[in-house]
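Student: Just one file: my_file.tsv, with TSV, C-alpha atoms.
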```
chain	number	residue	atom	x	y	z
A	2	MET	CA	19.77	32.33	28.83
A	3	ILE	CA	22.80	34.58	29.16
A	4	VAL	CA	25.46	32.52	27.40
A	5	ILE	CA	29.05	32.86	28.63
A	6	ALA	CA	30.92	31.01	25.89
A	7	GLU	CA	33.52	28.74	27.47
A	8	LYS	CA	35.82	27.46	24.73
A	9	LEU	CA	38.64	30.04	24.94
A	10	ASN	CA	39.99	28.71	28.20
A	11	GLY	CA	43.54	27.52	28.73
A	12	SER	CA	42.32	24.65	30.90
A	13	ILE	CA	40.98	23.06	27.69
A	14	PRO	CA	43.85	21.12	26.05
A	15	SER	CA	43.24	22.35	22.49
A	16	CYS	CA	43.08	25.97	23.67
A	17	ALA	CA	46.14	25.50	25.90
A	18	LYS	CA	48.07	24.27	22.86
A	19	ALA	CA	47.01	27.34	20.86
A	20	ILE	CA	47.98	29.67	23.70
A	21	ALA	CA	51.40	28.04	24.06
A	22	ALA	CA	51.99	28.40	20.31
A	23	LYS	CA	50.58	31.95	20.23
A	24	ASP	CA	48.18	30.72	17.56
A	25	ASP	CA	45.84	33.68	17.36
A	26	ALA	CA	44.12	32.23	14.28
A	27	TYR	CA	42.72	29.47	16.52
A	28	LEU	CA	41.36	32.03	18.99
A	29	LYS	CA	39.85	34.15	16.24
A	30	ASP	CA	38.13	31.15	14.66
A	31	ILE	CA	36.55	30.08	17.96
A	32	ALA	CA	35.56	33.65	18.84
A	33	VAL	CA	33.75	34.12	15.52
A	34	LYS	CA	31.93	30.81	15.91
A	35	GLU	CA	30.87	31.65	19.48
A	36	ALA	CA	29.69	35.10	18.43
A	37	ASN	CA	27.70	33.61	15.54
A	38	ALA	CA	26.09	31.21	18.01
A	39	ASN	CA	24.65	34.22	19.86
A	40	ALA	CA	27.03	34.16	22.83
A	41	THR	CA	26.28	37.00	25.25
A	42	PHE	CA	29.88	37.05	26.49
A	43	ILE	CA	33.03	35.37	25.19
A	44	ASP	CA	35.02	34.08	28.13
A	45	ALA	CA	38.79	34.61	27.96
A	46	CYS	CA	40.79	32.62	30.49
A	47	ALA	CA	44.56	32.22	30.07
A	48	SER	CA	45.03	29.55	32.75
A	49	VAL	CA	48.83	29.79	32.60
A	50	LYS	CA	51.33	29.78	35.47
A	51	ASP	CA	53.48	32.64	34.20
A	52	GLY	CA	52.57	35.83	32.35
A	53	GLU	CA	48.83	35.46	32.89
A	54	LEU	CA	47.95	39.10	32.34
A	55	GLU	CA	50.03	39.48	29.19
A	56	THR	CA	48.56	36.27	27.80
A	57	LEU	CA	45.07	37.48	28.61
A	58	LYS	CA	45.74	40.79	26.85
A	59	TRP	CA	46.90	38.85	23.78
A	60	MET	CA	43.70	36.80	23.88
A	61	ILE	CA	41.60	39.96	24.21
A	62	ASP	CA	43.32	41.50	21.19
A	63	ALA	CA	42.58	38.40	19.11
A	64	ILE	CA	38.93	38.28	20.15
A	65	GLN	CA	38.28	41.98	19.70
A	66	SER	CA	39.86	41.92	16.24
A	67	VAL	CA	37.08	39.69	14.91
A	68	THR	CA	33.98	40.43	17.03
A	69	ASP	CA	32.49	43.11	19.25
A	70	THR	CA	30.78	40.54	21.47
A	71	PRO	CA	31.50	41.55	25.08
A	72	ILE	CA	34.33	39.69	26.80
A	73	SER	CA	34.27	37.87	30.12
A	74	VAL	CA	37.71	38.48	31.67
A	75	ASP	CA	38.32	35.29	33.62
A	76	SER	CA	40.92	34.74	36.33
A	77	PRO	CA	40.99	33.61	39.97
A	78	ASP	CA	43.18	36.68	40.59
A	79	VAL	CA	40.97	39.77	40.95
A	80	ASN	CA	43.90	42.05	40.18
A	81	VAL	CA	44.40	40.30	36.84
A	82	CYS	CA	40.68	40.70	36.15
A	83	ILE	CA	40.87	44.39	37.00
A	84	GLU	CA	43.80	45.01	34.65
A	85	ALA	CA	42.19	42.92	31.90
A	86	MET	CA	38.93	44.85	32.28
A	87	LYS	CA	40.82	48.12	31.98
A	88	TYR	CA	42.58	46.78	28.89
A	89	VAL	CA	39.30	45.85	27.21
A	90	ALA	CA	38.01	49.36	27.87
A	91	SER	CA	41.23	50.98	26.62
A	92	LYS	CA	40.82	49.10	23.33
A	93	GLY	CA	37.25	50.31	22.88
A	94	GLY	CA	35.60	47.04	23.86
A	95	LYS	CA	32.04	46.86	25.14
A	96	PRO	CA	31.41	46.47	28.88
A	97	GLY	CA	31.70	42.77	29.68
A	98	LEU	CA	31.77	40.38	32.62
A	99	PHE	CA	34.24	40.48	35.52
A	100	ASN	CA	34.84	36.80	36.26
A	101	SER	CA	35.17	36.59	39.21
A	102	VAL	CA	35.03	37.52	42.89
A	103	SER	CA	34.18	35.41	45.93
A	104	GLY	CA	34.07	35.64	49.70
A	105	GLU	CA	37.73	34.63	49.87
A	106	GLY	CA	40.19	37.09	51.36
A	107	ASN	CA	39.69	40.69	50.27
A	108	LYS	CA	38.61	39.97	46.68
A	109	ILE	CA	35.31	41.83	47.02
A	110	GLU	CA	36.89	44.80	48.79
A	111	VAL	CA	39.44	45.09	45.97
A	112	ALA	CA	37.07	44.62	43.03
A	113	PHE	CA	33.75	46.19	44.06
A	114	PRO	CA	34.97	49.80	44.44
A	115	ILE	CA	36.30	49.70	40.86
A	116	LEU	CA	33.17	48.00	39.53
A	117	ALA	CA	31.11	50.67	41.29
A	118	SER	CA	32.99	53.52	39.60
A	119	ASP	CA	31.41	55.47	36.76
A	120	GLU	CA	33.91	54.05	34.27
A	121	TYR	CA	33.01	50.40	34.92
A	122	LYS	CA	29.44	50.56	36.24
A	123	LYS	CA	28.12	48.86	33.10
A	124	TRP	CA	30.20	45.74	33.67
A	125	ASP	CA	28.56	42.64	35.14
A	126	VAL	CA	30.32	40.58	37.82
A	127	MET	CA	30.41	36.87	38.64
A	128	ALA	CA	30.50	35.94	42.33
A	129	LEU	CA	31.36	32.45	43.55
A	130	LEU	CA	29.73	31.17	46.74
A	131	CYS	CA	32.91	30.24	48.57
A	132	ASP	CA	34.88	32.02	51.27
A	133	ASP	CA	37.89	31.52	53.52
A	134	THR	CA	36.33	28.33	54.90
A	135	GLY	CA	36.46	26.79	51.41
A	136	ILE	CA	33.51	25.50	49.40
A	137	PRO	CA	30.54	25.28	51.77
A	138	LYS	CA	29.06	21.81	52.05
A	139	THR	CA	25.48	22.81	52.87
A	140	ALA	CA	22.87	25.00	51.24
A	141	ALA	CA	22.62	27.09	54.43
A	142	ASP	CA	26.33	27.90	54.32
A	143	ARG	CA	26.30	28.80	50.63
A	144	ILE	CA	23.31	31.04	51.27
A	145	ARG	CA	25.29	32.63	54.11
A	146	VAL	CA	28.07	33.49	51.64
A	147	PHE	CA	25.47	34.74	49.16
A	148	ASP	CA	23.96	37.05	51.78
A	149	ALA	CA	27.42	38.44	52.55
A	150	VAL	CA	28.08	39.09	48.84
A	151	MET	CA	24.76	40.88	48.46
A	152	ALA	CA	25.39	42.99	51.55
A	153	LYS	CA	28.71	44.13	50.07
A	154	ALA	CA	27.07	44.80	46.69
A	155	ALA	CA	24.50	47.01	48.38
A	156	GLU	CA	27.26	48.79	50.32
A	157	TYR	CA	29.08	49.67	47.10
A	158	GLY	CA	25.94	50.43	45.10
A	159	ILE	CA	26.27	47.53	42.67
A	160	THR	CA	22.78	46.75	41.39
A	161	GLU	CA	21.45	43.22	41.61
A	162	SER	CA	20.91	42.96	37.86
A	163	ARG	CA	24.70	43.21	37.33
A	164	ILE	CA	25.45	40.24	39.57
A	165	HIS	CA	25.83	36.64	38.38
A	166	ILE	CA	25.97	34.14	41.23
A	167	ASP	CA	27.83	30.86	40.75
A	168	PRO	CA	26.50	28.48	43.44
A	169	LEU	CA	29.43	26.14	42.58
A	170	ILE	CA	28.32	23.19	40.50
A	171	GLU	CA	30.30	20.10	41.47
A	172	MET	CA	30.80	16.70	39.88
A	173	LEU	CA	27.75	14.44	39.97
A	174	CYS	CA	29.93	11.35	40.38
A	175	THR	CA	31.28	12.57	43.73
A	176	THR	CA	27.88	13.25	45.30
A	177	ASP	CA	26.01	10.77	47.47
A	178	ASP	CA	22.62	9.91	45.94
A	179	GLY	CA	22.56	13.28	44.18
A	180	GLU	CA	22.57	15.21	47.45
A	181	GLY	CA	25.07	17.72	46.06
A	182	ILE	CA	22.82	18.45	43.12
A	183	SER	CA	19.75	18.84	45.30
A	184	MET	CA	21.69	21.24	47.51
A	185	VAL	CA	22.78	23.41	44.55
A	186	LEU	CA	19.23	23.51	43.22
A	187	GLU	CA	18.01	24.53	46.69
A	188	VAL	CA	20.48	27.43	46.66
A	189	MET	CA	19.33	28.46	43.19
A	190	ASN	CA	15.69	28.41	44.26
A	191	HIS	CA	16.49	30.54	47.30
A	192	ILE	CA	18.35	33.13	45.24
A	193	LYS	CA	15.64	33.40	42.62
A	194	THR	CA	12.93	33.67	45.28
A	195	THR	CA	14.66	36.28	47.45
A	196	HIS	CA	16.57	38.25	44.79
A	197	PRO	CA	14.79	37.75	41.45
A	198	LYS	CA	16.93	40.33	39.63
A	199	VAL	CA	20.17	38.48	40.41
A	200	HIS	CA	21.41	36.16	37.67
A	201	ILE	CA	22.10	32.54	38.58
A	202	SER	CA	25.05	31.16	36.68
A	203	GLY	CA	27.77	28.50	36.78
A	204	ALA	CA	29.75	26.12	34.61
A	205	ILE	CA	27.21	23.58	33.41
A	206	SER	CA	29.82	21.07	32.24
A	207	ASN	CA	31.27	20.74	35.76
A	208	ILE	CA	28.42	18.40	36.54
A	209	SER	CA	29.65	15.69	34.17
A	210	PHE	CA	33.39	15.45	34.88
A	211	ASN	CA	34.65	11.83	34.94
A	212	LEU	CA	31.41	10.46	33.50
A	213	PRO	CA	30.80	8.82	30.11
A	214	ALA	CA	28.45	10.47	27.59
A	215	ARG	CA	28.99	13.83	29.30
A	216	LYS	CA	26.74	15.71	26.91
A	217	LEU	CA	23.67	13.84	28.16
A	218	VAL	CA	24.46	14.67	31.78
A	219	ASN	CA	25.02	18.33	30.90
A	220	GLN	CA	21.69	18.52	29.10
A	221	ALA	CA	19.79	16.86	31.95
A	222	PHE	CA	21.32	19.22	34.49
A	223	ALA	CA	20.60	22.26	32.32
A	224	VAL	CA	16.89	21.46	32.42
A	225	LEU	CA	16.88	21.05	36.22
A	226	ALA	CA	18.93	24.21	36.73
A	227	ILE	CA	16.79	26.35	34.43
A	228	ASN	CA	13.69	25.20	36.29
A	229	ALA	CA	15.41	26.23	39.55
A	230	GLY	CA	16.16	29.71	38.23
A	231	MET	CA	19.43	29.53	36.29
A	232	ASP	CA	19.38	32.22	33.60
A	233	SER	CA	23.12	32.56	32.94
A	234	GLY	CA	25.61	29.83	32.21
A	235	VAL	CA	29.22	29.14	31.30
A	236	LEU	CA	28.74	26.68	28.47
A	237	ASP	CA	29.57	25.69	24.92
A	238	PRO	CA	27.25	27.59	22.56
A	239	LEU	CA	28.55	25.46	19.67
A	240	SER	CA	26.83	22.41	21.17
A	241	GLN	CA	23.58	22.46	19.23
A	242	ASP	CA	22.04	19.72	21.37
A	243	LEU	CA	22.67	21.67	24.58
A	244	MET	CA	21.42	24.93	23.09
A	245	GLY	CA	18.28	23.21	21.82
A	246	VAL	CA	17.57	21.81	25.29
A	247	ILE	CA	18.07	25.24	26.86
A	248	TYR	CA	15.67	26.99	24.48
A	249	ALA	CA	13.11	24.19	24.87
A	250	ALA	CA	13.34	24.22	28.67
A	251	GLU	CA	12.88	27.98	28.82
A	252	ALA	CA	9.81	27.72	26.61
A	253	MET	CA	8.34	24.97	28.79
A	254	ILE	CA	8.57	27.00	32.01
A	255	GLY	CA	6.97	30.07	30.48
A	256	LEU	CA	10.02	32.20	29.68
A	257	ASP	CA	9.39	32.27	25.93
A	258	ASP	CA	5.98	33.55	24.87
A	259	PHE	CA	4.55	31.54	21.98
A	260	CYS	CA	7.98	29.85	21.61
A	261	ALA	CA	9.19	32.88	19.67
A	262	GLU	CA	12.82	32.64	20.83
A	263	TYR	CA	12.88	28.87	20.33
A	264	THR	CA	11.62	29.22	16.78
A	265	SER	CA	13.95	32.11	15.97
A	266	ALA	CA	17.01	30.25	17.29
A	267	TYR	CA	16.07	27.20	15.22
A	268	ARG	CA	15.75	29.31	12.09
A	269	GLU	CA	19.15	30.87	12.79
A	270	GLY	CA	20.72	27.42	13.04
A	271	ILE	CA	21.65	27.77	16.72
A	272	PHE	CA	20.31	24.24	17.13
A	273	GLY	CA	18.57	21.59	15.07
A	274	GLN	CA	20.23	22.49	11.79
A	275	LYS	CA	23.83	21.38	11.47
A	276	LYS	CA	25.93	24.13	9.90
```
Can you turn what I pasted into structure tokens?

Tutor:
Amino acid sequence: MIVIAEKLNGSIPSCAKAIAAKDDAYLKDIAVKEANANATFIDACASVKDGELETLKWMIDAIQSVTDTPISVDSPDVNVCIEAMKYVASKGGKPGLFNSVSGEGNKIEVAFPILASDEYKKWDVMALLCDDTGIPKTAADRIRVFDAVMAKAAEYGITESRIHIDPLIEMLCTTDDGEGISMVLEVMNHIKTTHPKVHISGAISNISFNLPARKLVNQAFAVLAINAGMDSGVLDPLSQDLMGVIYAAEAMIGLDDFCAEYTSAYREGIFGQKK
């Protein structure tokens, strides 16, 4: 699983408090812990109304001062993502994840030419399956958006292996008899079948909003999603129970020969051994 560590996000109250207080020690502590938990990318999302780019640059400085784990620059504004990506590069950071684009407006037309350039061709990109009509309500409509994203990626020469598709995981408690979940899994299956090199991603914890014992719901969904093709996720790598479920699920569907990765992660204390 490609792990996009989610805890440095201003939408999380504890992180929002640290951002407001310019408490870089908090950010550094979380970044180190996420890196030690084998995060593939450390997501940095300011989630502030004013001064988003400057706040994001401050977060990037804090993260890059304690780890060289690649950063996911996260904003709904593609221009902020572009400037943050350039800032990471200017500070000598490794190529990371551009998070994100979608079918809305001209986001793809603005971002893809830069991501296709020689300077940023090693960056991955997250694409959300929504467009100017909003969040599609059916699998067919989300697949329509997916096809449009892939057509643009091909036009700009962005290889499929760089693309992470977020099919938009919504709250379980707002779906009728789990239809929303079945629909998302159908989209995942379609993507993995038709474009096996594309990464399927998304925020796993979205599934459990407004439910009790959220961790159990997250873990159950992770198993279903991995079986449907999810190989990238925005999640908390410090949750040992969730990480253990992910490694176990991957082993059970044949993605981990002789359980080598499962065993190695256990020995490293990623799960099963409280640090």

Student: Can you measure CA of Lys108 (chain A) to CA of Asp78 (chain A) for me? One decimal in Å is fine.

Tutor: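 Interatomic distance here is 8.3 Å.
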
Student: Near region 254-258 of chain A, within 12 Å and counting only C-alpha atoms, which residues show up once chain neighbours fewer than 2 positions away are dropped, as a PyMOL selection string?

Tutor: chain A and resi 2+224-232+247-252+260-266

Student: Report the distance between CA of Ile61 (chain A) and CA of Pro14 (chain A) in Å, rounded to one decimal place.

Tutor: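 Value for the CA of Ile61 (chain A)-CA of Pro14 (chain A) distance: 19.1 Å.
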
Student: Give me, please, the distance in Å between CA of Lys58 (chain A) and CA of Asp24 (chain A), quoted to one decimal.

Tutor: 13.9 Å

Student: What's around Gln274 (chain A) at 10 Å? Count all atoms listed in the file, leave out sequence neighbours fewer than 6 positions away in its own chain, and write the answer as a PyMOL selection string.

Tutor: chain A and resi 241+267-268

Student: With all atoms listed in the file as the atoms that count, which of A:Ile159, A:Leu169, A:Ala85, A:Ala221 lies nearest to Leu243 (chain A)?

Tutor: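 Result for the nearest residue to Leu243 (chain A): A:Ala221.
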
Student: Using all atoms listed in the file, which residues sit within 8 Å of Lys95 (chain A) once same-chain residues fewer than 3 positions away are excluded, as a ChimeraX atom specification?

Tutor: /A:69-72,89-90

Student: As a ChimeraX atom specification, please: the residues near Lys50 (chain A) (cut-off 12 Å, only C-alpha atoms, same-chain neighbours under 5 positions excluded).

Tutor: /A:11-12,17,21,55-56,76-78

Student: Return the single residue from A:Ser183, A:Asn219, A:Ser103, A:Thr176 that is closest to Phe147 (chain A), with distances computed using only C-alpha atoms.

Tutor: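 Selected residue with least distance to Phe147 (chain A): A:Ser103.
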
Student: I need the residue nearest Gly93 (chain A) from this list: A:Glu110, A:Asp62, A:Asp133, A:Asp148. Use all atoms listed in the file for the distance.

Tutor: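 Selected residue with least distance to Gly93 (chain A): A:Asp62.
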
Student: Which polymer residues have any atom within 10 Å of an atom of region 204-206 of chain A, counting all atoms listed in the file, with same-chain residues fewer than 5 positions away left out, as a PDB file with C-alpha atoms, in the coordinates of the input?

Tutor:
```
ATOM      1  CA  ILE A   5      29.050  32.860  28.630  1.00  0.00           C
ATOM      2  CA  GLU A   7      33.520  28.740  27.470  1.00  0.00           C
ATOM      3  CA  ASP A 167      27.830  30.860  40.750  1.00  0.00           C
ATOM      4  CA  PRO A 168      26.500  28.480  43.440  1.00  0.00           C
ATOM      5  CA  LEU A 169      29.430  26.140  42.580  1.00  0.00           C
ATOM      6  CA  ILE A 170      28.320  23.190  40.500  1.00  0.00           C
ATOM      7  CA  GLU A 171      30.300  20.100  41.470  1.00  0.00           C
ATOM      8  CA  MET A 172      30.800  16.700  39.880  1.00  0.00           C
ATOM      9  CA  ARG A 215      28.990  13.830  29.300  1.00  0.00           C
ATOM     10  CA  LYS A 216      26.740  15.710  26.910  1.00  0.00           C
ATOM     11  CA  VAL A 218      24.460  14.670  31.780  1.00  0.00           C
ATOM     12  CA  ASN A 219      25.020  18.330  30.900  1.00  0.00           C
ATOM     13  CA  GLN A 220      21.690  18.520  29.100  1.00  0.00           C
ATOM     14  CA  PHE A 222      21.320  19.220  34.490  1.00  0.00           C
ATOM     15  CA  ALA A 223      20.600  22.260  32.320  1.00  0.00           C
ATOM     16  CA  ALA A 226      18.930  24.210  36.730  1.00  0.00           C
ATOM     17  CA  SER A 233      23.120  32.560  32.940  1.00  0.00           C
ATOM     18  CA  GLY A 234      25.610  29.830  32.210  1.00  0.00           C
ATOM     19  CA  VAL A 235      29.220  29.140  31.300  1.00  0.00           C
ATOM     20  CA  LEU A 236      28.740  26.680  28.470  1.00  0.00           C
ATOM     21  CA  ASP A 237      29.570  25.690  24.920  1.00  0.00           C
TER      22      ASP A 237
END
```

Student: When you count all atoms listed in the file, which of these residues is closest to Asp142 (chain A): A:Asp30, A:Glu269, A:Asp25, A:Glu187?

Tutor: A:Glu187

Student: Here is a test: counting all atoms listed in the file, which residue of A:Ala117, A:Cys46, A:Glu105, A:Pro96 is nearest to Cys82 (chain A)?

Tutor: A:Cys46

Student: Counting all atoms listed in the file, which residue out of A:Ile64, A:Val33, A:Leu98, A:Val4 sits closest to Arg163 (chain A)?

Tutor: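 Of the candidates, the smallest distance to Arg163 (chain A) is held by A:Leu98.
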
Student: Just give me the residues with any atom within 10 Å of (25.0, 34.3, 52.2), file coordinates, counting only C-alpha atoms, written as a ChimeraX atom specification.

Tutor: /A:104,130-131,140-152,188,192

Student: Is it possible to add N, CA and C atoms to region 91-110 of chain A and hand it back as an mmCIF file, keeping the file's coordinate frame?

Tutor:
```
data_model
loop_
_atom_site.group_PDB
_atom_site.id
_atom_site.type_symbol
_atom_site.label_atom_id
_atom_site.label_comp_id
_atom_site.auth_asym_id
_atom_site.auth_seq_id
_atom_site.Cartn_x
_atom_site.Cartn_y
_atom_site.Cartn_z
ATOM 1 N N SER A 91 40.254 50.119 27.314
ATOM 2 C CA SER A 91 41.230 50.980 26.620
ATOM 3 C C SER A 91 41.262 50.699 25.125
ATOM 4 N N LYS A 92 40.839 49.487 24.738
ATOM 5 C CA LYS A 92 40.820 49.100 23.330
ATOM 6 C C LYS A 92 39.456 49.327 22.687
ATOM 7 N N GLY A 93 38.561 49.990 23.420
ATOM 8 C CA GLY A 93 37.250 50.310 22.880
ATOM 9 C C GLY A 93 36.245 49.179 22.948
ATOM 10 N N GLY A 94 36.526 48.161 23.754
ATOM 11 C CA GLY A 94 35.600 47.040 23.860
ATOM 12 C C GLY A 94 34.353 47.386 24.663
ATOM 13 N N LYS A 95 33.286 46.657 24.403
ATOM 14 C CA LYS A 95 32.040 46.860 25.140
ATOM 15 C C LYS A 95 32.196 46.395 26.588
ATOM 16 N N PRO A 96 31.405 46.967 27.501
ATOM 17 C CA PRO A 96 31.410 46.470 28.880
ATOM 18 C C PRO A 96 31.083 44.975 28.895
ATOM 19 N N GLY A 97 31.856 44.222 29.663
ATOM 20 C CA GLY A 97 31.700 42.770 29.680
ATOM 21 C C GLY A 97 31.384 42.229 31.054
ATOM 22 N N LEU A 98 32.015 41.091 31.361
ATOM 23 C CA LEU A 98 31.770 40.380 32.620
ATOM 24 C C LEU A 98 33.085 40.225 33.375
ATOM 25 N N PHE A 99 33.096 40.639 34.626
ATOM 26 C CA PHE A 99 34.240 40.480 35.520
ATOM 27 C C PHE A 99 34.104 39.118 36.186
ATOM 28 N N ASN A 100 35.007 38.202 35.867
ATOM 29 C CA ASN A 100 34.840 36.800 36.260
ATOM 30 C C ASN A 100 36.118 36.281 36.951
ATOM 31 N N SER A 101 36.271 36.468 38.285
ATOM 32 C CA SER A 101 35.170 36.590 39.210
ATOM 33 C C SER A 101 35.670 37.111 40.556
ATOM 34 N N VAL A 102 34.711 37.253 41.491
ATOM 35 C CA VAL A 102 35.030 37.520 42.890
ATOM 36 C C VAL A 102 34.436 36.370 43.711
ATOM 37 N N SER A 103 34.760 36.374 44.996
ATOM 38 C CA SER A 103 34.180 35.410 45.930
ATOM 39 C C SER A 103 34.320 35.983 47.326
ATOM 40 N N GLY A 104 33.917 35.204 48.321
ATOM 41 C CA GLY A 104 34.070 35.640 49.700
ATOM 42 C C GLY A 104 35.457 35.390 50.251
ATOM 43 N N GLU A 105 36.370 34.931 49.419
ATOM 44 C CA GLU A 105 37.730 34.630 49.870
ATOM 45 C C GLU A 105 38.548 35.911 50.040
ATOM 46 N N GLY A 106 39.277 35.986 51.141
ATOM 47 C CA GLY A 106 40.190 37.090 51.360
ATOM 48 C C GLY A 106 39.521 38.448 51.191
ATOM 49 N N ASN A 107 40.215 39.336 50.473
ATOM 50 C CA ASN A 107 39.690 40.690 50.270
ATOM 51 C C ASN A 107 39.276 40.923 48.820
ATOM 52 N N LYS A 108 38.930 39.850 48.106
ATOM 53 C CA LYS A 108 38.610 39.970 46.680
ATOM 54 C C LYS A 108 37.491 40.980 46.435
ATOM 55 N N ILE A 109 36.438 40.917 47.218
ATOM 56 C CA ILE A 109 35.310 41.830 47.020
ATOM 57 C C ILE A 109 35.724 43.263 47.324
ATOM 58 N N GLU A 110 36.472 43.448 48.408
ATOM 59 C CA GLU A 110 36.890 44.800 48.790
ATOM 60 C C GLU A 110 37.809 45.425 47.740
#
```
